[in-house]
>>> print(open('start_2.pdb').read())   # PDB, N, CA and C atoms, pLDDT in the B column
ATOM      1  N   MET A   1     115.096-109.446-120.185  1.00 61.00           N
ATOM      2  CA  MET A   1     115.425-109.357-121.582  1.00 61.00           C
ATOM      3  C   MET A   1     116.477-110.404-121.951  1.00 61.00           C
ATOM      4  N   SER A   2     117.415-110.689-121.042  1.00 79.00           N
ATOM      5  CA  SER A   2     118.453-111.661-121.367  1.00 79.00           C
ATOM      6  C   SER A   2     117.862-113.060-121.497  1.00 79.00           C
ATOM      7  N   ARG A   3     116.768-113.333-120.779  1.00 81.00           N
ATOM      8  CA  ARG A   3     116.110-114.635-120.927  1.00 81.00           C
ATOM      9  C   ARG A   3     115.510-114.772-122.314  1.00 81.00           C
ATOM     10  N   THR A   4     114.961-113.698-122.847  1.00 82.00           N
ATOM     11  CA  THR A   4     114.386-113.716-124.193  1.00 82.00           C
ATOM     12  C   THR A   4     115.475-113.937-125.232  1.00 82.00           C
ATOM     13  N   ILE A   5     116.574-113.246-125.083  1.00 82.00           N
ATOM     14  CA  ILE A   5     117.680-113.405-126.024  1.00 82.00           C
ATOM     15  C   ILE A   5     118.220-114.829-125.959  1.00 82.00           C
ATOM     16  N   SER A   6     118.384-115.357-124.749  1.00 83.00           N
ATOM     17  CA  SER A   6     118.869-116.731-124.592  1.00 83.00           C
ATOM     18  C   SER A   6     117.906-117.725-125.213  1.00 83.00           C
ATOM     19  N   PHE A   7     116.623-117.491-125.051  1.00 85.00           N
ATOM     20  CA  PHE A   7     115.612-118.373-125.622  1.00 85.00           C
ATOM     21  C   PHE A   7     115.713-118.409-127.142  1.00 85.00           C
ATOM     22  N   PHE A   8     115.777-117.239-127.762  1.00 83.00           N
ATOM     23  CA  PHE A   8     115.860-117.194-129.222  1.00 83.00           C
ATOM     24  C   PHE A   8     117.202-117.720-129.734  1.00 83.00           C
ATOM     25  N   ALA A   9     118.264-117.504-128.976  1.00 85.00           N
ATOM     26  CA  ALA A   9     119.562-118.065-129.363  1.00 85.00           C
ATOM     27  C   ALA A   9     119.505-119.587-129.320  1.00 85.00           C
ATOM     28  N   GLY A  10     118.842-120.136-128.318  1.00 86.00           N
ATOM     29  CA  GLY A  10     118.679-121.591-128.225  1.00 86.00           C
ATOM     30  C   GLY A  10     117.859-122.145-129.370  1.00 86.00           C
ATOM     31  N   ILE A  11     116.788-121.445-129.730  1.00 88.00           N
ATOM     32  CA  ILE A  11     115.966-121.875-130.860  1.00 88.00           C
ATOM     33  C   ILE A  11     116.783-121.849-132.143  1.00 88.00           C
ATOM     34  N   PHE A  12     117.531-120.795-132.339  1.00 86.00           N
ATOM     35  CA  PHE A  12     118.336-120.649-133.550  1.00 86.00           C
ATOM     36  C   PHE A  12     119.389-121.751-133.638  1.00 86.00           C
ATOM     37  N   CYS A  13     120.106-121.990-132.551  1.00 87.00           N
ATOM     38  CA  CYS A  13     121.141-123.030-132.549  1.00 87.00           C
ATOM     39  C   CYS A  13     120.519-124.408-132.750  1.00 87.00           C
ATOM     40  N   GLY A  14     119.398-124.662-132.109  1.00 88.00           N
ATOM     41  CA  GLY A  14     118.721-125.945-132.279  1.00 88.00           C
ATOM     42  C   GLY A  14     118.251-126.157-133.701  1.00 88.00           C
ATOM     43  N   ALA A  15     117.775-125.105-134.324  1.00 88.00           N
ATOM     44  CA  ALA A  15     117.322-125.214-135.713  1.00 88.00           C
ATOM     45  C   ALA A  15     118.491-125.518-136.639  1.00 88.00           C
ATOM     46  N   ILE A  16     119.610-124.888-136.389  1.00 88.00           N
ATOM     47  CA  ILE A  16     120.793-125.135-137.226  1.00 88.00           C
ATOM     48  C   ILE A  16     121.269-126.571-137.060  1.00 88.00           C
ATOM     49  N   VAL A  17     121.398-127.027-135.826  1.00 88.00           N
ATOM     50  CA  VAL A  17     121.858-128.396-135.572  1.00 88.00           C
ATOM     51  C   VAL A  17     120.886-129.400-136.171  1.00 88.00           C
ATOM     52  N   GLY A  18     119.592-129.178-135.991  1.00 87.00           N
ATOM     53  CA  GLY A  18     118.589-130.080-136.550  1.00 87.00           C
ATOM     54  C   GLY A  18     118.610-130.120-138.063  1.00 87.00           C
ATOM     55  N   ALA A  19     118.761-128.964-138.670  1.00 82.00           N
ATOM     56  CA  ALA A  19     118.792-128.903-140.134  1.00 82.00           C
ATOM     57  C   ALA A  19     120.025-129.602-140.686  1.00 82.00           C
ATOM     58  N   VAL A  20     121.166-129.378-140.062  1.00 82.00           N
ATOM     59  CA  VAL A  20     122.396-130.018-140.533  1.00 82.00           C
ATOM     60  C   VAL A  20     122.303-131.534-140.354  1.00 82.00           C
ATOM     61  N   ALA A  21     121.808-131.982-139.217  1.00 83.00           N
ATOM     62  CA  ALA A  21     121.688-133.425-138.976  1.00 83.00           C
ATOM     63  C   ALA A  21     120.735-134.060-139.982  1.00 83.00           C
ATOM     64  N   ALA A  22     119.608-133.427-140.222  1.00 78.00           N
ATOM     65  CA  ALA A  22     118.641-133.973-141.176  1.00 78.00           C
ATOM     66  C   ALA A  22     119.224-134.028-142.580  1.00 78.00           C
ATOM     67  N   LEU A  23     119.934-132.999-142.959  1.00 72.00           N
ATOM     68  CA  LEU A  23     120.513-132.978-144.297  1.00 72.00           C
ATOM     69  C   LEU A  23     121.631-133.997-144.465  1.00 72.00           C
ATOM     70  N   LEU A  24     122.406-134.216-143.414  1.00 76.00           N
ATOM     71  CA  LEU A  24     123.497-135.183-143.511  1.00 76.00           C
ATOM     72  C   LEU A  24     122.998-136.628-143.512  1.00 76.00           C
ATOM     73  N   LEU A  25     121.850-136.858-142.911  1.00 79.00           N
ATOM     74  CA  LEU A  25     121.336-138.219-142.795  1.00 79.00           C
ATOM     75  C   LEU A  25     120.333-138.586-143.884  1.00 79.00           C
ATOM     76  N   THR A  26     120.023-137.674-144.755  1.00 73.00           N
ATOM     77  CA  THR A  26     119.037-137.943-145.797  1.00 73.00           C
ATOM     78  C   THR A  26     119.689-138.640-147.004  1.00 73.00           C
ATOM     79  N   PRO A  27     118.988-139.590-147.598  1.00 77.00           N
ATOM     80  CA  PRO A  27     119.549-140.303-148.757  1.00 77.00           C
ATOM     81  C   PRO A  27     119.210-139.612-150.077  1.00 77.00           C
ATOM     82  N   GLU A  28     119.740-138.427-150.294  1.00 70.00           N
ATOM     83  CA  GLU A  28     119.472-137.682-151.520  1.00 70.00           C
ATOM     84  C   GLU A  28     120.762-137.465-152.297  1.00 70.00           C
ATOM     85  N   SER A  29     120.617-137.092-153.549  1.00 74.00           N
ATOM     86  CA  SER A  29     121.790-136.788-154.359  1.00 74.00           C
ATOM     87  C   SER A  29     122.418-135.471-153.894  1.00 74.00           C
ATOM     88  N   GLY A  30     123.647-135.253-154.305  1.00 74.00           N
ATOM     89  CA  GLY A  30     124.365-134.047-153.910  1.00 74.00           C
ATOM     90  C   GLY A  30     123.686-132.766-154.351  1.00 74.00           C
ATOM     91  N   GLU A  31     123.164-132.744-155.574  1.00 82.00           N
ATOM     92  CA  GLU A  31     122.509-131.531-156.081  1.00 82.00           C
ATOM     93  C   GLU A  31     121.239-131.229-155.300  1.00 82.00           C
ATOM     94  N   ASN A  32     120.440-132.260-155.023  1.00 82.00           N
ATOM     95  CA  ASN A  32     119.213-132.053-154.247  1.00 82.00           C
ATOM     96  C   ASN A  32     119.542-131.584-152.831  1.00 82.00           C
ATOM     97  N   LEU A  33     120.556-132.184-152.262  1.00 75.00           N
ATOM     98  CA  LEU A  33     120.967-131.812-150.913  1.00 75.00           C
ATOM     99  C   LEU A  33     121.448-130.364-150.869  1.00 75.00           C
ATOM    100  N   GLN A  34     122.247-129.963-151.825  1.00 81.00           N
ATOM    101  CA  GLN A  34     122.724-128.583-151.883  1.00 81.00           C
ATOM    102  C   GLN A  34     121.566-127.610-152.051  1.00 81.00           C
ATOM    103  N   SER A  35     120.624-127.972-152.887  1.00 87.00           N
ATOM    104  CA  SER A  35     119.461-127.113-153.108  1.00 87.00           C
ATOM    105  C   SER A  35     118.647-126.963-151.827  1.00 87.00           C
ATOM    106  N   ARG A  36     118.415-128.085-151.146  1.00 83.00           N
ATOM    107  CA  ARG A  36     117.655-128.029-149.889  1.00 83.00           C
ATOM    108  C   ARG A  36     118.391-127.225-148.841  1.00 83.00           C
ATOM    109  N   LEU A  37     119.688-127.450-148.756  1.00 82.00           N
ATOM    110  CA  LEU A  37     120.483-126.720-147.771  1.00 82.00           C
ATOM    111  C   LEU A  37     120.440-125.220-148.049  1.00 82.00           C
ATOM    112  N   ARG A  38     120.583-124.847-149.306  1.00 89.00           N
ATOM    113  CA  ARG A  38     120.522-123.432-149.694  1.00 89.00           C
ATOM    114  C   ARG A  38     119.168-122.829-149.321  1.00 89.00           C
ATOM    115  N   ASP A  39     118.094-123.554-149.591  1.00 92.00           N
ATOM    116  CA  ASP A  39     116.757-123.066-149.253  1.00 92.00           C
ATOM    117  C   ASP A  39     116.573-122.921-147.740  1.00 92.00           C
ATOM    118  N   GLU A  40     117.056-123.911-146.978  1.00 88.00           N
ATOM    119  CA  GLU A  40     116.927-123.865-145.528  1.00 88.00           C
ATOM    120  C   GLU A  40     117.701-122.689-144.939  1.00 88.00           C
ATOM    121  N   VAL A  41     118.911-122.496-145.408  1.00 88.00           N
ATOM    122  CA  VAL A  41     119.729-121.396-144.905  1.00 88.00           C
ATOM    123  C   VAL A  41     119.082-120.055-145.256  1.00 88.00           C
ATOM    124  N   THR A  42     118.559-119.950-146.466  1.00 92.00           N
ATOM    125  CA  THR A  42     117.881-118.715-146.874  1.00 92.00           C
ATOM    126  C   THR A  42     116.667-118.451-145.989  1.00 92.00           C
ATOM    127  N   ASP A  43     115.874-119.484-145.718  1.00 92.00           N
ATOM    128  CA  ASP A  43     114.702-119.327-144.856  1.00 92.00           C
ATOM    129  C   ASP A  43     115.094-118.912-143.444  1.00 92.00           C
ATOM    130  N   MET A  44     116.130-119.550-142.904  1.00 89.00           N
ATOM    131  CA  MET A  44     116.572-119.194-141.546  1.00 89.00           C
ATOM    132  C   MET A  44     117.100-117.761-141.516  1.00 89.00           C
ATOM    133  N   TRP A  45     117.839-117.366-142.538  1.00 91.00           N
ATOM    134  CA  TRP A  45     118.388-116.007-142.594  1.00 91.00           C
ATOM    135  C   TRP A  45     117.259-114.974-142.637  1.00 91.00           C
ATOM    136  N   GLU A  46     116.258-115.225-143.468  1.00 93.00           N
ATOM    137  CA  GLU A  46     115.135-114.301-143.566  1.00 93.00           C
ATOM    138  C   GLU A  46     114.369-114.236-142.255  1.00 93.00           C
ATOM    139  N   SER A  47     114.206-115.369-141.605  1.00 91.00           N
ATOM    140  CA  SER A  47     113.525-115.401-140.317  1.00 91.00           C
ATOM    141  C   SER A  47     114.309-114.615-139.267  1.00 91.00           C
ATOM    142  N   ALA A  48     115.614-114.794-139.238  1.00 90.00           N
ATOM    143  CA  ALA A  48     116.451-114.063-138.285  1.00 90.00           C
ATOM    144  C   ALA A  48     116.389-112.561-138.547  1.00 90.00           C
ATOM    145  N   GLN A  49     116.390-112.163-139.800  1.00 92.00           N
ATOM    146  CA  GLN A  49     116.289-110.741-140.129  1.00 92.00           C
ATOM    147  C   GLN A  49     114.939-110.177-139.684  1.00 92.00           C
ATOM    148  N   ARG A  50     113.870-110.941-139.914  1.00 93.00           N
ATOM    149  CA  ARG A  50     112.540-110.486-139.527  1.00 93.00           C
ATOM    150  C   ARG A  50     112.449-110.306-138.008  1.00 93.00           C
ATOM    151  N   VAL A  51     112.953-111.285-137.253  1.00 92.00           N
ATOM    152  CA  VAL A  51     112.921-111.197-135.798  1.00 92.00           C
ATOM    153  C   VAL A  51     113.768-110.028-135.325  1.00 92.00           C
ATOM    154  N   SER A  52     114.918-109.835-135.947  1.00 92.00           N
ATOM    155  CA  SER A  52     115.798-108.733-135.587  1.00 92.00           C
ATOM    156  C   SER A  52     115.123-107.386-135.833  1.00 92.00           C
ATOM    157  N   GLN A  53     114.447-107.252-136.957  1.00 93.00           N
ATOM    158  CA  GLN A  53     113.766-105.997-137.270  1.00 93.00           C
ATOM    159  C   GLN A  53     112.621-105.740-136.293  1.00 93.00           C
ATOM    160  N   GLU A  54     111.892-106.800-135.929  1.00 93.00           N
ATOM    161  CA  GLU A  54     110.797-106.642-134.969  1.00 93.00           C
ATOM    162  C   GLU A  54     111.334-106.203-133.615  1.00 93.00           C
ATOM    163  N   ARG A  55     112.415-106.848-133.189  1.00 93.00           N
ATOM    164  CA  ARG A  55     113.004-106.503-131.894  1.00 93.00           C
ATOM    165  C   ARG A  55     113.546-105.075-131.905  1.00 93.00           C
ATOM    166  N   ARG A  56     114.161-104.666-133.002  1.00 93.00           N
ATOM    167  CA  ARG A  56     114.674-103.294-133.106  1.00 93.00           C
ATOM    168  C   ARG A  56     113.530-102.296-133.014  1.00 93.00           C
ATOM    169  N   ARG A  57     112.414-102.591-133.704  1.00 94.00           N
ATOM    170  CA  ARG A  57     111.257-101.704-133.648  1.00 94.00           C
ATOM    171  C   ARG A  57     110.743-101.587-132.218  1.00 94.00           C
ATOM    172  N   GLU A  58     110.653-102.720-131.510  1.00 92.00           N
ATOM    173  CA  GLU A  58     110.199-102.690-130.120  1.00 92.00           C
ATOM    174  C   GLU A  58     111.126-101.843-129.250  1.00 92.00           C
ATOM    175  N   MET A  59     112.421-102.008-129.437  1.00 93.00           N
ATOM    176  CA  MET A  59     113.379-101.257-128.636  1.00 93.00           C
ATOM    177  C   MET A  59     113.317 -99.761-128.956  1.00 93.00           C
ATOM    178  N   GLU A  60     113.110 -99.415-130.222  1.00 93.00           N
ATOM    179  CA  GLU A  60     112.985 -97.997-130.580  1.00 93.00           C
ATOM    180  C   GLU A  60     111.723 -97.397-129.968  1.00 93.00           C
ATOM    181  N   GLU A  61     110.634 -98.178-129.934  1.00 91.00           N
ATOM    182  CA  GLU A  61     109.404 -97.694-129.310  1.00 91.00           C
ATOM    183  C   GLU A  61     109.620 -97.457-127.818  1.00 91.00           C
ATOM    184  N   ARG A  62     110.298 -98.367-127.160  1.00 90.00           N
ATOM    185  CA  ARG A  62     110.567 -98.203-125.728  1.00 90.00           C
ATOM    186  C   ARG A  62     111.461 -97.004-125.474  1.00 90.00           C
ATOM    187  N   LEU A  63     112.442 -96.796-126.345  1.00 90.00           N
ATOM    188  CA  LEU A  63     113.316 -95.639-126.205  1.00 90.00           C
ATOM    189  C   LEU A  63     112.512 -94.345-126.329  1.00 90.00           C
ATOM    190  N   GLN A  64     111.599 -94.301-127.283  1.00 90.00           N
ATOM    191  CA  GLN A  64     110.760 -93.110-127.444  1.00 90.00           C
ATOM    192  C   GLN A  64     109.895 -92.891-126.204  1.00 90.00           C
ATOM    193  N   GLU A  65     109.393 -93.997-125.619  1.00 87.00           N
ATOM    194  CA  GLU A  65     108.601 -93.867-124.399  1.00 87.00           C
ATOM    195  C   GLU A  65     109.439 -93.298-123.264  1.00 87.00           C
ATOM    196  N   LEU A  66     110.665 -93.771-123.142  1.00 87.00           N
ATOM    197  CA  LEU A  66     111.551 -93.243-122.101  1.00 87.00           C
ATOM    198  C   LEU A  66     111.858 -91.780-122.323  1.00 87.00           C
ATOM    199  N   ARG A  67     112.108 -91.407-123.565  1.00 88.00           N
ATOM    200  CA  ARG A  67     112.417 -90.005-123.870  1.00 88.00           C
ATOM    201  C   ARG A  67     111.229 -89.096-123.609  1.00 88.00           C
ATOM    202  N   SER A  68     110.033 -89.601-123.835  1.00 87.00           N
ATOM    203  CA  SER A  68     108.842 -88.770-123.639  1.00 87.00           C
ATOM    204  C   SER A  68     108.407 -88.744-122.177  1.00 87.00           C
ATOM    205  N   GLY A  69     109.012 -89.599-121.343  1.00 80.00           N
ATOM    206  CA  GLY A  69     108.688 -89.573-119.920  1.00 80.00           C
ATOM    207  C   GLY A  69     107.531 -90.464-119.540  1.00 80.00           C
ATOM    208  N   ARG A  70     106.981 -91.214-120.480  1.00 67.00           N
ATOM    209  CA  ARG A  70     105.885 -92.122-120.146  1.00 67.00           C
ATOM    210  C   ARG A  70     106.431 -93.352-119.438  1.00 67.00           C
ATOM    211  N   ALA A  71     105.614 -93.908-118.592  1.00 58.00           N
ATOM    212  CA  ALA A  71     106.017 -95.125-117.878  1.00 58.00           C
ATOM    213  C   ALA A  71     105.938 -96.310-118.836  1.00 58.00           C
ATOM    214  N   ILE A  72     106.853 -97.239-118.647  1.00 55.00           N
ATOM    215  CA  ILE A  72     106.861 -98.447-119.482  1.00 55.00           C
ATOM    216  C   ILE A  72     106.907 -99.667-118.593  1.00 55.00           C
ATOM    217  N   THR A  73     106.534-100.793-119.130  1.00 60.00           N
ATOM    218  CA  THR A  73     106.644-102.062-118.424  1.00 60.00           C
ATOM    219  C   THR A  73     107.755-102.854-119.055  1.00 60.00           C
ATOM    220  N   ILE A  74     108.475-103.560-118.233  1.00 62.00           N
ATOM    221  CA  ILE A  74     109.590-104.375-118.719  1.00 62.00           C
ATOM    222  C   ILE A  74     109.188-105.820-118.615  1.00 62.00           C
ATOM    223  N   ASP A  75     109.377-106.550-119.718  1.00 59.00           N
ATOM    224  CA  ASP A  75     109.025-107.979-119.734  1.00 59.00           C
ATOM    225  C   ASP A  75     109.974-108.779-118.892  1.00 59.00           C
TER     226      ASP A  75
END
>>> encode(input="start_2.pdb", output="structure tokens")
Amino acid sequence: MSRTISFFAGIFCGAIVGAVAALLLTPESGENLQSRLRDEVTDMWESAQRVSQERRREMEERLQELRSGRAITID
């Protein structure tokens, strides 16, 4: 499980660094840049929330399996 968390943390950090670098190096006006940055941050936030909700659902399902005594597989 820690490998999965590390993987997604790496993806998230890489996306942030890439987005900031692209925005800083683009030849756009300040208003356009702010708008793009706001949109990118909003998209990343929504994506992080979606992944978090999916992971929480998976963990709750596994917890229910443990409570019911059924065997589970660990990734």
>>> closest_residue(input="start_2.pdb", among="A:Arg36, A:Val41, A:Thr4, A:Ala48", to="Leu23 of chain A", atoms="all atoms listed in the file")
A:Arg36
>>> residues_around(input="start_2.pdb", residues="segment 7-17 of chain A", least_positions_apart="3", cutoff="12 Å", atoms="only C-alpha atoms", output="tab-separated table (two decimals) with N, CA and C atoms, keeping the file's coordinate frame")
chain	number	residue	atom	x	y	z
A	1	MET	N	115.10	-109.45	-120.18
A	1	MET	CA	115.42	-109.36	-121.58
A	1	MET	C	116.48	-110.40	-121.95
A	2	SER	N	117.42	-110.69	-121.04
A	2	SER	CA	118.45	-111.66	-121.37
A	2	SER	C	117.86	-113.06	-121.50
A	3	ARG	N	116.77	-113.33	-120.78
A	3	ARG	CA	116.11	-114.64	-120.93
A	3	ARG	C	115.51	-114.77	-122.31
A	4	THR	N	114.96	-113.70	-122.85
A	4	THR	CA	114.39	-113.72	-124.19
A	4	THR	C	115.48	-113.94	-125.23
A	20	VAL	N	121.17	-129.38	-140.06
A	20	VAL	CA	122.40	-130.02	-140.53
A	20	VAL	C	122.30	-131.53	-140.35
A	21	ALA	N	121.81	-131.98	-139.22
A	21	ALA	CA	121.69	-133.43	-138.98
A	21	ALA	C	120.74	-134.06	-139.98
A	22	ALA	N	119.61	-133.43	-140.22
A	22	ALA	CA	118.64	-133.97	-141.18
A	22	ALA	C	119.22	-134.03	-142.58
A	23	LEU	N	119.93	-133.00	-142.96
A	23	LEU	CA	120.51	-132.98	-144.30
A	23	LEU	C	121.63	-134.00	-144.46
A	24	LEU	N	122.41	-134.22	-143.41
A	24	LEU	CA	123.50	-135.18	-143.51
A	24	LEU	C	123.00	-136.63	-143.51
A	37	LEU	N	119.69	-127.45	-148.76
A	37	LEU	CA	120.48	-126.72	-147.77
A	37	LEU	C	120.44	-125.22	-148.05
A	40	GLU	N	117.06	-123.91	-146.98
A	40	GLU	CA	116.93	-123.86	-145.53
A	40	GLU	C	117.70	-122.69	-144.94
A	41	VAL	N	118.91	-122.50	-145.41
A	41	VAL	CA	119.73	-121.40	-144.90
A	41	VAL	C	119.08	-120.06	-145.26
A	42	THR	N	118.56	-119.95	-146.47
A	42	THR	CA	117.88	-118.72	-146.87
A	42	THR	C	116.67	-118.45	-145.99
A	43	ASP	N	115.87	-119.48	-145.72
A	43	ASP	CA	114.70	-119.33	-144.86
A	43	ASP	C	115.09	-118.91	-143.44
A	44	MET	N	116.13	-119.55	-142.90
A	44	MET	CA	116.57	-119.19	-141.55
A	44	MET	C	117.10	-117.76	-141.52
A	45	TRP	N	117.84	-117.37	-142.54
A	45	TRP	CA	118.39	-116.01	-142.59
A	45	TRP	C	117.26	-114.97	-142.64
A	47	SER	N	114.21	-115.37	-141.60
A	47	SER	CA	113.52	-115.40	-140.32
A	47	SER	C	114.31	-114.62	-139.27
A	48	ALA	N	115.61	-114.79	-139.24
A	48	ALA	CA	116.45	-114.06	-138.28
A	48	ALA	C	116.39	-112.56	-138.55
A	51	VAL	N	112.95	-111.28	-137.25
A	51	VAL	CA	112.92	-111.20	-135.80
A	51	VAL	C	113.77	-110.03	-135.32
A	52	SER	N	114.92	-109.84	-135.95
A	52	SER	CA	115.80	-108.73	-135.59
A	52	SER	C	115.12	-107.39	-135.83
A	55	ARG	N	112.42	-106.85	-133.19
A	55	ARG	CA	113.00	-106.50	-131.89
A	55	ARG	C	113.55	-105.08	-131.90
>>> atom_distance(input="start_2.pdb", atom1="atom N of Asp39 of chain A", atom2="atom N of Arg56 of chain A")
25.4 Å
>>> atom_distance(input="start_2.pdb", atom1="atom C of Ser6 of chain A", atom2="atom C of Glu65 of chain A")
25.9 Å
>>> atom_distance(input="start_2.pdb", atom1="atom N of Glu61 of chain A", atom2="atom C of Ile5 of chain A")
18.7 Å
>>> select_by_dssp(input="start_2.pdb", residues="chain A", states="helix (DSSP H, G or I)", output="VMD selection string")
chain A and resid 2 to 25 30 to 68
>>> axis_aligned_box(input="start_2.pdb", around="segment 19-38 of chain A", padding_each_side="8 Å", output="lines of an AutoDock Vina configuration file")
center_x = 121.0
center_y = -131.6
center_z = -147.4
size_x = 22.7
size_y = 33.5
size_z = 33.4
